[in-house]
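As stored in final_28.cif (mmCIF, N, CA and C atoms):
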data_upload
loop_
_atom_site.label_atom_id
_atom_site.label_comp_id
_atom_site.auth_asym_id
_atom_site.auth_seq_id
_atom_site.Cartn_x
_atom_site.Cartn_y
_atom_site.Cartn_z
N MET Q 30 -17.56 -3.97 78.37
CA MET Q 30 -17.70 -3.70 76.97
C MET Q 30 -16.43 -4.01 76.19
N ASP Q 31 -15.30 -3.84 76.82
CA ASP Q 31 -14.04 -4.10 76.14
C ASP Q 31 -13.60 -5.54 76.27
N HIS Q 32 -14.44 -6.36 76.81
CA HIS Q 32 -14.07 -7.76 77.04
C HIS Q 32 -14.24 -8.55 75.74
N THR Q 33 -13.16 -9.17 75.28
CA THR Q 33 -13.19 -10.02 74.09
C THR Q 33 -13.27 -11.45 74.57
N PRO Q 34 -14.23 -12.22 74.04
CA PRO Q 34 -14.33 -13.60 74.50
C PRO Q 34 -13.08 -14.38 74.14
N ALA Q 35 -12.72 -15.27 75.01
CA ALA Q 35 -11.53 -16.10 74.78
C ALA Q 35 -11.79 -17.06 73.62
N MET Q 36 -10.76 -17.25 72.81
CA MET Q 36 -10.88 -18.13 71.65
C MET Q 36 -9.98 -19.34 71.87
N THR Q 37 -10.52 -20.49 71.53
CA THR Q 37 -9.72 -21.70 71.68
C THR Q 37 -8.81 -21.85 70.47
N ALA Q 38 -7.85 -22.72 70.62
CA ALA Q 38 -6.91 -22.96 69.51
C ALA Q 38 -7.62 -23.54 68.29
N SER Q 39 -8.60 -24.41 68.51
CA SER Q 39 -9.31 -25.00 67.38
C SER Q 39 -10.17 -23.95 66.66
N GLU Q 40 -10.78 -23.03 67.39
CA GLU Q 40 -11.56 -21.96 66.77
C GLU Q 40 -10.65 -21.03 65.96
N ALA Q 41 -9.49 -20.75 66.52
CA ALA Q 41 -8.53 -19.90 65.80
C ALA Q 41 -8.07 -20.59 64.51
N GLN Q 42 -7.84 -21.89 64.57
CA GLN Q 42 -7.42 -22.62 63.38
C GLN Q 42 -8.53 -22.63 62.33
N LEU Q 43 -9.77 -22.78 62.75
CA LEU Q 43 -10.90 -22.74 61.82
C LEU Q 43 -10.99 -21.38 61.12
N LEU Q 44 -10.78 -20.31 61.90
CA LEU Q 44 -10.80 -18.97 61.31
C LEU Q 44 -9.65 -18.78 60.32
N LEU Q 45 -8.48 -19.27 60.65
CA LEU Q 45 -7.33 -19.18 59.74
C LEU Q 45 -7.57 -19.98 58.46
N ASP Q 46 -8.15 -21.18 58.58
CA ASP Q 46 -8.47 -21.99 57.40
C ASP Q 46 -9.49 -21.29 56.52
N ARG Q 47 -10.49 -20.69 57.14
CA ARG Q 47 -11.51 -19.97 56.36
C ARG Q 47 -10.89 -18.76 55.64
N ALA Q 48 -10.02 -18.04 56.33
CA ALA Q 48 -9.35 -16.90 55.71
C ALA Q 48 -8.49 -17.34 54.54
N ASP Q 49 -7.82 -18.47 54.67
CA ASP Q 49 -6.99 -19.00 53.58
C ASP Q 49 -7.85 -19.38 52.38
N ARG Q 50 -8.98 -20.04 52.62
CA ARG Q 50 -9.89 -20.40 51.52
C ARG Q 50 -10.42 -19.16 50.82
N LEU Q 51 -10.81 -18.15 51.59
CA LEU Q 51 -11.31 -16.91 50.99
C LEU Q 51 -10.23 -16.21 50.18
N SER Q 52 -9.01 -16.23 50.67
CA SER Q 52 -7.90 -15.62 49.94
C SER Q 52 -7.66 -16.31 48.61
N HIS Q 53 -7.66 -17.65 48.62
CA HIS Q 53 -7.46 -18.40 47.38
C HIS Q 53 -8.61 -18.17 46.40
N ALA Q 54 -9.84 -18.14 46.91
CA ALA Q 54 -11.00 -17.93 46.04
C ALA Q 54 -10.95 -16.54 45.41
N ALA Q 55 -10.57 -15.54 46.19
CA ALA Q 55 -10.48 -14.18 45.65
C ALA Q 55 -9.39 -14.08 44.59
N HIS Q 56 -8.25 -14.71 44.85
CA HIS Q 56 -7.16 -14.68 43.88
C HIS Q 56 -7.55 -15.40 42.59
N ASN Q 57 -8.21 -16.55 42.71
CA ASN Q 57 -8.64 -17.29 41.53
C ASN Q 57 -9.65 -16.49 40.71
N ALA Q 58 -10.57 -15.84 41.37
CA ALA Q 58 -11.57 -15.04 40.66
C ALA Q 58 -10.94 -13.86 39.93
N THR Q 59 -9.89 -13.31 40.51
CA THR Q 59 -9.23 -12.17 39.90
C THR Q 59 -8.39 -12.58 38.70
N ARG Q 60 -7.84 -13.79 38.70
CA ARG Q 60 -6.97 -14.25 37.62
C ARG Q 60 -7.71 -14.60 36.34
N TRP Q 61 -8.97 -14.99 36.40
CA TRP Q 61 -9.64 -15.49 35.20
C TRP Q 61 -9.71 -14.51 34.04
N PRO Q 62 -9.91 -13.23 34.25
CA PRO Q 62 -9.85 -12.33 33.09
C PRO Q 62 -8.48 -12.35 32.41
N TYR Q 63 -7.42 -12.50 33.18
CA TYR Q 63 -6.08 -12.56 32.61
C TYR Q 63 -5.90 -13.84 31.80
N ILE Q 64 -6.35 -14.95 32.36
CA ILE Q 64 -6.23 -16.23 31.66
C ILE Q 64 -7.05 -16.21 30.38
N SER Q 65 -8.27 -15.71 30.47
CA SER Q 65 -9.14 -15.63 29.29
C SER Q 65 -8.53 -14.73 28.22
N PHE Q 66 -7.95 -13.62 28.64
CA PHE Q 66 -7.36 -12.70 27.68
C PHE Q 66 -6.20 -13.32 26.94
N ILE Q 67 -5.28 -13.96 27.65
CA ILE Q 67 -4.11 -14.52 26.98
C ILE Q 67 -4.52 -15.67 26.06
N LEU Q 68 -5.53 -16.46 26.47
CA LEU Q 68 -6.03 -17.52 25.59
C LEU Q 68 -6.66 -16.95 24.32
N ALA Q 69 -7.56 -15.99 24.50
CA ALA Q 69 -8.25 -15.40 23.35
C ALA Q 69 -7.27 -14.67 22.44
N LEU Q 70 -6.31 -13.98 23.02
CA LEU Q 70 -5.31 -13.28 22.22
C LEU Q 70 -4.50 -14.27 21.39
N GLY Q 71 -4.11 -15.38 22.01
CA GLY Q 71 -3.34 -16.40 21.30
C GLY Q 71 -4.13 -17.03 20.17
N VAL Q 72 -5.37 -17.38 20.42
CA VAL Q 72 -6.20 -18.00 19.39
C VAL Q 72 -6.44 -17.02 18.25
N ALA Q 73 -6.81 -15.80 18.58
CA ALA Q 73 -7.12 -14.81 17.53
C ALA Q 73 -5.89 -14.49 16.68
N THR Q 74 -4.76 -14.26 17.31
CA THR Q 74 -3.58 -13.91 16.53
C THR Q 74 -3.03 -15.10 15.76
N SER Q 75 -3.17 -16.28 16.32
CA SER Q 75 -2.74 -17.48 15.61
C SER Q 75 -3.56 -17.68 14.33
N MET Q 76 -4.86 -17.64 14.48
CA MET Q 76 -5.73 -17.84 13.31
C MET Q 76 -5.61 -16.68 12.32
N GLY Q 77 -5.51 -15.46 12.85
CA GLY Q 77 -5.41 -14.29 11.97
C GLY Q 77 -4.13 -14.27 11.16
N THR Q 78 -3.01 -14.60 11.78
CA THR Q 78 -1.76 -14.61 11.02
C THR Q 78 -1.72 -15.75 10.02
N PHE Q 79 -2.32 -16.88 10.38
CA PHE Q 79 -2.39 -17.98 9.41
C PHE Q 79 -3.24 -17.57 8.21
N ALA Q 80 -4.37 -16.93 8.49
CA ALA Q 80 -5.24 -16.48 7.40
C ALA Q 80 -4.52 -15.46 6.51
N MET Q 81 -3.76 -14.56 7.12
CA MET Q 81 -3.03 -13.58 6.32
C MET Q 81 -1.91 -14.23 5.51
N ALA Q 82 -1.32 -15.28 6.04
CA ALA Q 82 -0.20 -15.94 5.36
C ALA Q 82 -0.64 -16.71 4.12
N VAL Q 83 -1.87 -17.17 4.09
CA VAL Q 83 -2.31 -18.02 2.98
C VAL Q 83 -3.31 -17.33 2.05
N THR Q 84 -3.55 -16.04 2.25
CA THR Q 84 -4.49 -15.33 1.39
C THR Q 84 -3.82 -14.14 0.70
N THR Q 85 -4.48 -13.63 -0.32
CA THR Q 85 -3.99 -12.44 -1.04
C THR Q 85 -5.15 -11.52 -1.35
N GLY Q 86 -4.82 -10.34 -1.76
CA GLY Q 86 -5.83 -9.38 -2.23
C GLY Q 86 -6.83 -8.97 -1.16
N ASP Q 87 -8.10 -8.92 -1.57
CA ASP Q 87 -9.16 -8.50 -0.66
C ASP Q 87 -9.32 -9.44 0.53
N THR Q 88 -9.08 -10.71 0.31
CA THR Q 88 -9.19 -11.68 1.39
C THR Q 88 -8.12 -11.42 2.44
N PHE Q 89 -6.92 -11.07 2.01
CA PHE Q 89 -5.85 -10.70 2.95
C PHE Q 89 -6.28 -9.49 3.76
N GLY Q 90 -6.83 -8.49 3.10
CA GLY Q 90 -7.29 -7.29 3.79
C GLY Q 90 -8.38 -7.60 4.80
N LEU Q 91 -9.30 -8.49 4.43
CA LEU Q 91 -10.36 -8.89 5.35
C LEU Q 91 -9.78 -9.59 6.58
N ALA Q 92 -8.82 -10.48 6.36
CA ALA Q 92 -8.18 -11.18 7.49
C ALA Q 92 -7.45 -10.18 8.38
N TYR Q 93 -6.76 -9.23 7.77
CA TYR Q 93 -5.99 -8.23 8.52
C TYR Q 93 -6.91 -7.34 9.35
N VAL Q 94 -7.94 -6.80 8.73
CA VAL Q 94 -8.86 -5.90 9.43
C VAL Q 94 -9.63 -6.66 10.51
N SER Q 95 -10.02 -7.88 10.22
CA SER Q 95 -10.73 -8.70 11.21
C SER Q 95 -9.85 -8.97 12.42
N LEU Q 96 -8.59 -9.29 12.17
CA LEU Q 96 -7.66 -9.53 13.28
C LEU Q 96 -7.51 -8.27 14.13
N LEU Q 97 -7.35 -7.14 13.49
CA LEU Q 97 -7.23 -5.88 14.24
C LEU Q 97 -8.49 -5.62 15.07
N ALA Q 98 -9.65 -5.86 14.50
CA ALA Q 98 -10.91 -5.63 15.21
C ALA Q 98 -11.03 -6.56 16.43
N VAL Q 99 -10.69 -7.82 16.24
CA VAL Q 99 -10.78 -8.78 17.34
C VAL Q 99 -9.79 -8.42 18.45
N VAL Q 100 -8.57 -8.09 18.10
CA VAL Q 100 -7.57 -7.73 19.12
C VAL Q 100 -8.01 -6.47 19.85
N PHE Q 101 -8.52 -5.49 19.13
CA PHE Q 101 -9.01 -4.26 19.76
C PHE Q 101 -10.16 -4.59 20.72
N ALA Q 102 -11.11 -5.43 20.30
CA ALA Q 102 -12.22 -5.81 21.16
C ALA Q 102 -11.73 -6.57 22.40
N LEU Q 103 -10.74 -7.43 22.23
CA LEU Q 103 -10.18 -8.16 23.37
C LEU Q 103 -9.54 -7.20 24.38
N ILE Q 104 -8.81 -6.24 23.87
CA ILE Q 104 -8.16 -5.28 24.77
C ILE Q 104 -9.21 -4.48 25.54
N ILE Q 105 -10.26 -4.03 24.84
CA ILE Q 105 -11.33 -3.27 25.51
C ILE Q 105 -12.00 -4.14 26.58
N PHE Q 106 -12.34 -5.37 26.22
CA PHE Q 106 -12.97 -6.28 27.18
C PHE Q 106 -12.06 -6.52 28.38
N PHE Q 107 -10.80 -6.73 28.12
CA PHE Q 107 -9.84 -7.00 29.19
C PHE Q 107 -9.73 -5.81 30.13
N VAL Q 108 -9.59 -4.63 29.57
CA VAL Q 108 -9.44 -3.43 30.40
C VAL Q 108 -10.69 -3.21 31.26
N VAL Q 109 -11.86 -3.43 30.68
CA VAL Q 109 -13.10 -3.26 31.43
C VAL Q 109 -13.23 -4.34 32.51
N SER Q 110 -12.87 -5.56 32.18
CA SER Q 110 -13.08 -6.66 33.13
C SER Q 110 -12.10 -6.67 34.30
N ILE Q 111 -10.95 -6.01 34.18
CA ILE Q 111 -10.00 -6.02 35.30
C ILE Q 111 -10.05 -4.76 36.14
N GLN Q 112 -10.97 -3.87 35.87
CA GLN Q 112 -11.03 -2.65 36.67
C GLN Q 112 -11.19 -2.99 38.14
N GLY Q 113 -10.29 -2.50 38.94
CA GLY Q 113 -10.35 -2.72 40.37
C GLY Q 113 -9.83 -4.07 40.81
N ARG Q 114 -9.38 -4.90 39.85
CA ARG Q 114 -8.87 -6.22 40.21
C ARG Q 114 -7.50 -6.38 39.58
N ALA Q 115 -6.50 -6.40 40.37
CA ALA Q 115 -5.14 -6.55 39.85
C ALA Q 115 -4.52 -7.82 40.40
N ALA Q 116 -4.68 -8.91 39.68
CA ALA Q 116 -4.12 -10.18 40.14
C ALA Q 116 -2.60 -10.14 40.08
N PHE Q 117 -2.06 -9.72 38.98
CA PHE Q 117 -0.60 -9.61 38.86
C PHE Q 117 -0.24 -8.55 37.85
N ALA Q 118 -1.05 -7.52 37.78
CA ALA Q 118 -0.81 -6.44 36.83
C ALA Q 118 0.59 -5.86 37.04
N ARG Q 119 1.26 -5.64 35.96
CA ARG Q 119 2.61 -5.09 35.96
C ARG Q 119 3.60 -6.00 36.69
N GLY Q 120 3.25 -7.24 36.85
CA GLY Q 120 4.14 -8.18 37.52
C GLY Q 120 5.06 -8.86 36.53
N ARG Q 121 6.01 -9.58 37.07
CA ARG Q 121 6.96 -10.28 36.21
C ARG Q 121 6.31 -11.37 35.38
N ARG Q 122 5.36 -12.08 35.98
CA ARG Q 122 4.68 -13.14 35.22
C ARG Q 122 3.94 -12.57 34.03
N TRP Q 123 3.16 -11.53 34.25
CA TRP Q 123 2.38 -10.93 33.16
C TRP Q 123 3.31 -10.41 32.08
N THR Q 124 4.39 -9.78 32.48
CA THR Q 124 5.38 -9.30 31.52
C THR Q 124 5.98 -10.45 30.73
N ALA Q 125 6.28 -11.54 31.40
CA ALA Q 125 6.84 -12.72 30.71
C ALA Q 125 5.82 -13.32 29.75
N TYR Q 126 4.55 -13.37 30.14
CA TYR Q 126 3.52 -13.90 29.25
C TYR Q 126 3.40 -13.06 27.99
N ILE Q 127 3.30 -11.76 28.16
CA ILE Q 127 3.12 -10.88 27.01
C ILE Q 127 4.39 -10.87 26.15
N ALA Q 128 5.55 -10.89 26.76
CA ALA Q 128 6.80 -10.94 25.99
C ALA Q 128 6.91 -12.25 25.20
N SER Q 129 6.51 -13.35 25.80
CA SER Q 129 6.54 -14.64 25.10
C SER Q 129 5.57 -14.64 23.93
N TRP Q 130 4.36 -14.15 24.18
CA TRP Q 130 3.37 -14.07 23.09
C TRP Q 130 3.91 -13.17 21.98
N PHE Q 131 4.45 -12.00 22.35
CA PHE Q 131 4.92 -11.05 21.35
C PHE Q 131 6.04 -11.63 20.50
N ALA Q 132 6.97 -12.34 21.13
CA ALA Q 132 8.07 -12.94 20.37
C ALA Q 132 7.55 -13.97 19.36
N SER Q 133 6.63 -14.81 19.80
CA SER Q 133 6.08 -15.80 18.87
C SER Q 133 5.23 -15.14 17.79
N TYR Q 134 4.50 -14.09 18.15
CA TYR Q 134 3.69 -13.38 17.16
C TYR Q 134 4.58 -12.64 16.16
N ALA Q 135 5.67 -12.07 16.62
CA ALA Q 135 6.61 -11.40 15.70
C ALA Q 135 7.18 -12.40 14.70
N LEU Q 136 7.48 -13.60 15.16
CA LEU Q 136 7.95 -14.65 14.25
C LEU Q 136 6.87 -15.00 13.22
N ALA Q 137 5.63 -15.12 13.67
CA ALA Q 137 4.53 -15.42 12.76
C ALA Q 137 4.34 -14.30 11.73
N LEU Q 138 4.48 -13.05 12.18
CA LEU Q 138 4.37 -11.93 11.23
C LEU Q 138 5.52 -11.94 10.23
N ALA Q 139 6.70 -12.34 10.69
CA ALA Q 139 7.84 -12.45 9.77
C ALA Q 139 7.55 -13.48 8.69
N VAL Q 140 6.91 -14.57 9.05
CA VAL Q 140 6.53 -15.59 8.06
C VAL Q 140 5.52 -15.00 7.08
N VAL Q 141 4.55 -14.24 7.60
CA VAL Q 141 3.56 -13.61 6.72
C VAL Q 141 4.26 -12.67 5.73
N ILE Q 142 5.25 -11.94 6.19
CA ILE Q 142 5.92 -10.95 5.35
C ILE Q 142 6.88 -11.61 4.36
N TRP Q 143 7.74 -12.49 4.85
CA TRP Q 143 8.82 -12.99 3.99
C TRP Q 143 8.57 -14.35 3.35
N ALA Q 144 7.65 -15.12 3.89
CA ALA Q 144 7.37 -16.43 3.29
C ALA Q 144 5.88 -16.55 3.00
N HIS Q 145 5.30 -15.48 2.48
CA HIS Q 145 3.86 -15.43 2.20
C HIS Q 145 3.47 -16.56 1.25
N GLY Q 146 2.47 -17.32 1.64
CA GLY Q 146 1.98 -18.40 0.81
C GLY Q 146 2.53 -19.76 1.18
N ASP Q 147 3.57 -19.81 2.00
CA ASP Q 147 4.12 -21.09 2.43
C ASP Q 147 3.26 -21.64 3.57
N VAL Q 148 2.39 -22.58 3.24
CA VAL Q 148 1.41 -23.08 4.20
C VAL Q 148 2.09 -23.78 5.38
N LEU Q 149 3.13 -24.54 5.13
CA LEU Q 149 3.79 -25.25 6.22
C LEU Q 149 4.42 -24.28 7.22
N LEU Q 150 5.17 -23.30 6.72
CA LEU Q 150 5.76 -22.31 7.64
C LEU Q 150 4.69 -21.50 8.36
N ALA Q 151 3.63 -21.15 7.64
CA ALA Q 151 2.54 -20.40 8.26
C ALA Q 151 1.89 -21.21 9.38
N ALA Q 152 1.67 -22.49 9.12
CA ALA Q 152 1.06 -23.36 10.13
C ALA Q 152 1.97 -23.50 11.34
N LEU Q 153 3.26 -23.68 11.12
CA LEU Q 153 4.20 -23.82 12.23
C LEU Q 153 4.28 -22.54 13.06
N ALA Q 154 4.41 -21.41 12.39
CA ALA Q 154 4.53 -20.13 13.11
C ALA Q 154 3.24 -19.80 13.85
N SER Q 155 2.11 -19.98 13.21
CA SER Q 155 0.83 -19.71 13.86
C SER Q 155 0.57 -20.69 15.00
N GLY Q 156 0.97 -21.94 14.78
CA GLY Q 156 0.84 -22.93 15.85
C GLY Q 156 1.69 -22.59 17.05
N LEU Q 157 2.86 -22.02 16.80
CA LEU Q 157 3.74 -21.60 17.90
C LEU Q 157 3.07 -20.52 18.74
N VAL Q 158 2.41 -19.57 18.09
CA VAL Q 158 1.69 -18.52 18.82
C VAL Q 158 0.63 -19.15 19.72
N LEU Q 159 -0.10 -20.10 19.18
CA LEU Q 159 -1.14 -20.77 19.95
C LEU Q 159 -0.56 -21.56 21.11
N VAL Q 160 0.50 -22.31 20.86
CA VAL Q 160 1.12 -23.11 21.92
C VAL Q 160 1.67 -22.22 23.04
N VAL Q 161 2.33 -21.13 22.66
CA VAL Q 161 2.87 -20.22 23.67
C VAL Q 161 1.76 -19.65 24.54
N SER Q 162 0.66 -19.23 23.93
CA SER Q 162 -0.43 -18.65 24.73
C SER Q 162 -1.10 -19.72 25.60
N LEU Q 163 -1.22 -20.94 25.10
CA LEU Q 163 -1.79 -22.02 25.91
C LEU Q 163 -0.90 -22.34 27.10
N VAL Q 164 0.40 -22.37 26.88
CA VAL Q 164 1.34 -22.65 27.98
C VAL Q 164 1.26 -21.53 29.03
N CYS Q 165 1.22 -20.29 28.57
CA CYS Q 165 1.13 -19.16 29.52
C CYS Q 165 -0.17 -19.22 30.32
N ALA Q 166 -1.27 -19.51 29.66
CA ALA Q 166 -2.56 -19.59 30.36
C ALA Q 166 -2.59 -20.76 31.33
N ALA Q 167 -2.03 -21.89 30.91
CA ALA Q 167 -1.99 -23.06 31.79
C ALA Q 167 -1.12 -22.79 33.00
N ARG Q 168 -0.01 -22.13 32.78
CA ARG Q 168 0.90 -21.79 33.88
C ARG Q 168 0.20 -20.89 34.88
N GLU Q 169 -0.53 -19.92 34.38
CA GLU Q 169 -1.24 -19.00 35.28
C GLU Q 169 -2.38 -19.72 35.99
N ALA Q 170 -3.07 -20.60 35.30
CA ALA Q 170 -4.17 -21.31 35.92
C ALA Q 170 -3.69 -22.24 37.04
N ARG Q 171 -2.48 -22.74 36.92
CA ARG Q 171 -1.94 -23.65 37.93
C ARG Q 171 -1.30 -22.94 39.10
N SER Q 172 -0.96 -21.66 38.93
CA SER Q 172 -0.25 -20.97 40.02
C SER Q 172 -1.20 -20.46 41.08
#
Kindly return the structure encoded in the file as structure tokens.
Amino acid sequence: MDHTPAMTASEAQLLLDRADRLSHAAHNATRWPYISFILALGVATSMGTFAMAVTTGDTFGLAYVSLLAVVFALIIFFVVSIQGRAAFARGRRWTAYIASWFASYALALAVVIWAHGDVLLAALASGLVLVVSLVCAAREARS
């Protein structure tokens, strides 16, 4: 009963290859909510800050409230979708991604506050938010 059948070197290699493929597939499946979140966050905040930079009055308020609603919905979706799956939660990469996004978003908000109505600056700052989030998502997708 305690006899384990002998395994050949080729069978062992096949098992190791299968384990490696399963490991990569599991890691890739776990990363997609993170990639989707950083992409959606970048697009939403980029468009929202641009809309706030070029509008006034009630339209500004609509852009502001809409951006808050979308970001809140993204956070809820993200938290629900990663339950039990931690690809790199609290890791250096995730911290770097969020810090990079936050720095570019802070710059875009500064444009909204101090250069309100300047379409060129608003486009550049909002575009930077989008580019940063795309680079972060691409980097994660390739790793």
Neighbours of Ala137 (chain Q) within 6.5 Å (all atoms listed in the file; same-chain residues fewer than 4 positions away dropped), as a ChimeraX atom specification?
/Q:78,132-133,141-142,154-155
Could you tell me, as a PyMOL selection string, which residues of chain Q DSSP assigns to helix (DSSP H, G or I) when given the backbone?
chain Q and resi 38-83+86-110+121-143+148-171
Here's the selection I'm unsure about, the PyMOL selection byres (((chain Q and resi 68 and name CA) around 12) and name CA); applied to the file above, which residues does it give, as a count of residues only?
33
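CA of Val99 (chain Q) sits 20.3 Å away from CA of Gln112 (chain Q).
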Quote the spacing between atom N of Ala144 (chain Q) and atom C of Phe79 (chain Q) in Å to one decimal place.
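So the two atoms, atom N of Ala144 (chain Q) and atom C of Phe79 (chain Q), lie 12.0 Å apart.
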Atom pair atom N of Leu150 (chain Q) / atom C of Val94 (chain Q): separation (Å):
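Separation between atom N of Leu150 (chain Q) and atom C of Val94 (chain Q): 22.6 Å.
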Proximity to Gly77 (chain Q) - best of Q:Ala128, Q:Val109, Q:Leu96, Q:Ile104, all atoms listed in the file:
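Result for the nearest residue to Gly77 (chain Q): Q:Leu96.
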Between Q:Ser172, Q:Gly90, Q:Ser129, Q:Val83, which is the closest to Asp147 (chain Q) once you count only N, CA and C atoms?
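With only N, CA and C atoms as the atom set, the closest residue is Q:Val83.
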Starting from the sparse input, extend region 99-107 of chain Q to all heavy atoms and give the output as a compact mmCIF listing (two decimals), in the frame of the given file.
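Printed below is result-v8.txt as written:
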# COMPACT_ATOMS: atom_id res chain seq x y z
N VAL Q 99 -10.69 -7.82 16.24
CA VAL Q 99 -10.78 -8.78 17.34
C VAL Q 99 -9.79 -8.42 18.45
O VAL Q 99 -10.15 -8.43 19.63
CB VAL Q 99 -10.56 -10.22 16.84
CG1 VAL Q 99 -10.37 -11.18 18.00
CG2 VAL Q 99 -11.72 -10.66 15.97
N VAL Q 100 -8.57 -8.09 18.10
CA VAL Q 100 -7.57 -7.73 19.12
C VAL Q 100 -8.01 -6.47 19.85
O VAL Q 100 -7.90 -6.39 21.09
CB VAL Q 100 -6.17 -7.58 18.49
CG1 VAL Q 100 -5.19 -6.96 19.48
CG2 VAL Q 100 -5.66 -8.94 18.04
N PHE Q 101 -8.52 -5.49 19.13
CA PHE Q 101 -9.01 -4.26 19.76
C PHE Q 101 -10.16 -4.59 20.72
O PHE Q 101 -10.19 -4.10 21.86
CB PHE Q 101 -9.45 -3.25 18.71
CG PHE Q 101 -9.92 -1.95 19.27
CD1 PHE Q 101 -9.02 -1.07 19.85
CD2 PHE Q 101 -11.25 -1.60 19.23
CE1 PHE Q 101 -9.45 0.14 20.38
CE2 PHE Q 101 -11.70 -0.40 19.76
CZ PHE Q 101 -10.79 0.47 20.34
N ALA Q 102 -11.11 -5.43 20.30
CA ALA Q 102 -12.22 -5.81 21.16
C ALA Q 102 -11.73 -6.57 22.40
O ALA Q 102 -12.24 -6.35 23.50
CB ALA Q 102 -13.22 -6.67 20.38
N LEU Q 103 -10.74 -7.43 22.23
CA LEU Q 103 -10.18 -8.16 23.37
C LEU Q 103 -9.54 -7.20 24.38
O LEU Q 103 -9.71 -7.38 25.59
CB LEU Q 103 -9.13 -9.17 22.90
CG LEU Q 103 -9.65 -10.45 22.28
CD1 LEU Q 103 -8.49 -11.24 21.69
CD2 LEU Q 103 -10.39 -11.27 23.30
N ILE Q 104 -8.81 -6.24 23.87
CA ILE Q 104 -8.16 -5.28 24.77
C ILE Q 104 -9.21 -4.48 25.54
O ILE Q 104 -9.09 -4.29 26.75
CB ILE Q 104 -7.19 -4.37 23.99
CG1 ILE Q 104 -5.99 -5.21 23.52
CG2 ILE Q 104 -6.74 -3.20 24.84
CD1 ILE Q 104 -5.08 -4.49 22.56
N ILE Q 105 -10.26 -4.03 24.84
CA ILE Q 105 -11.33 -3.27 25.51
C ILE Q 105 -12.00 -4.14 26.58
O ILE Q 105 -12.19 -3.71 27.72
CB ILE Q 105 -12.38 -2.78 24.48
CG1 ILE Q 105 -11.76 -1.77 23.52
CG2 ILE Q 105 -13.61 -2.19 25.18
CD1 ILE Q 105 -11.30 -0.49 24.17
N PHE Q 106 -12.34 -5.37 26.22
CA PHE Q 106 -12.97 -6.28 27.18
C PHE Q 106 -12.06 -6.52 28.38
O PHE Q 106 -12.51 -6.51 29.53
CB PHE Q 106 -13.32 -7.61 26.50
CG PHE Q 106 -13.84 -8.63 27.46
CD1 PHE Q 106 -15.14 -8.57 27.93
CD2 PHE Q 106 -13.03 -9.65 27.91
CE1 PHE Q 106 -15.62 -9.51 28.82
CE2 PHE Q 106 -13.50 -10.59 28.81
CZ PHE Q 106 -14.80 -10.53 29.26
N PHE Q 107 -10.80 -6.73 28.12
CA PHE Q 107 -9.84 -7.00 29.19
C PHE Q 107 -9.73 -5.81 30.13
O PHE Q 107 -9.77 -5.97 31.35
CB PHE Q 107 -8.48 -7.34 28.58
CG PHE Q 107 -7.41 -7.60 29.58
CD1 PHE Q 107 -7.47 -8.69 30.43
CD2 PHE Q 107 -6.30 -6.77 29.66
CE1 PHE Q 107 -6.47 -8.94 31.35
CE2 PHE Q 107 -5.30 -7.01 30.58
CZ PHE Q 107 -5.39 -8.10 31.42
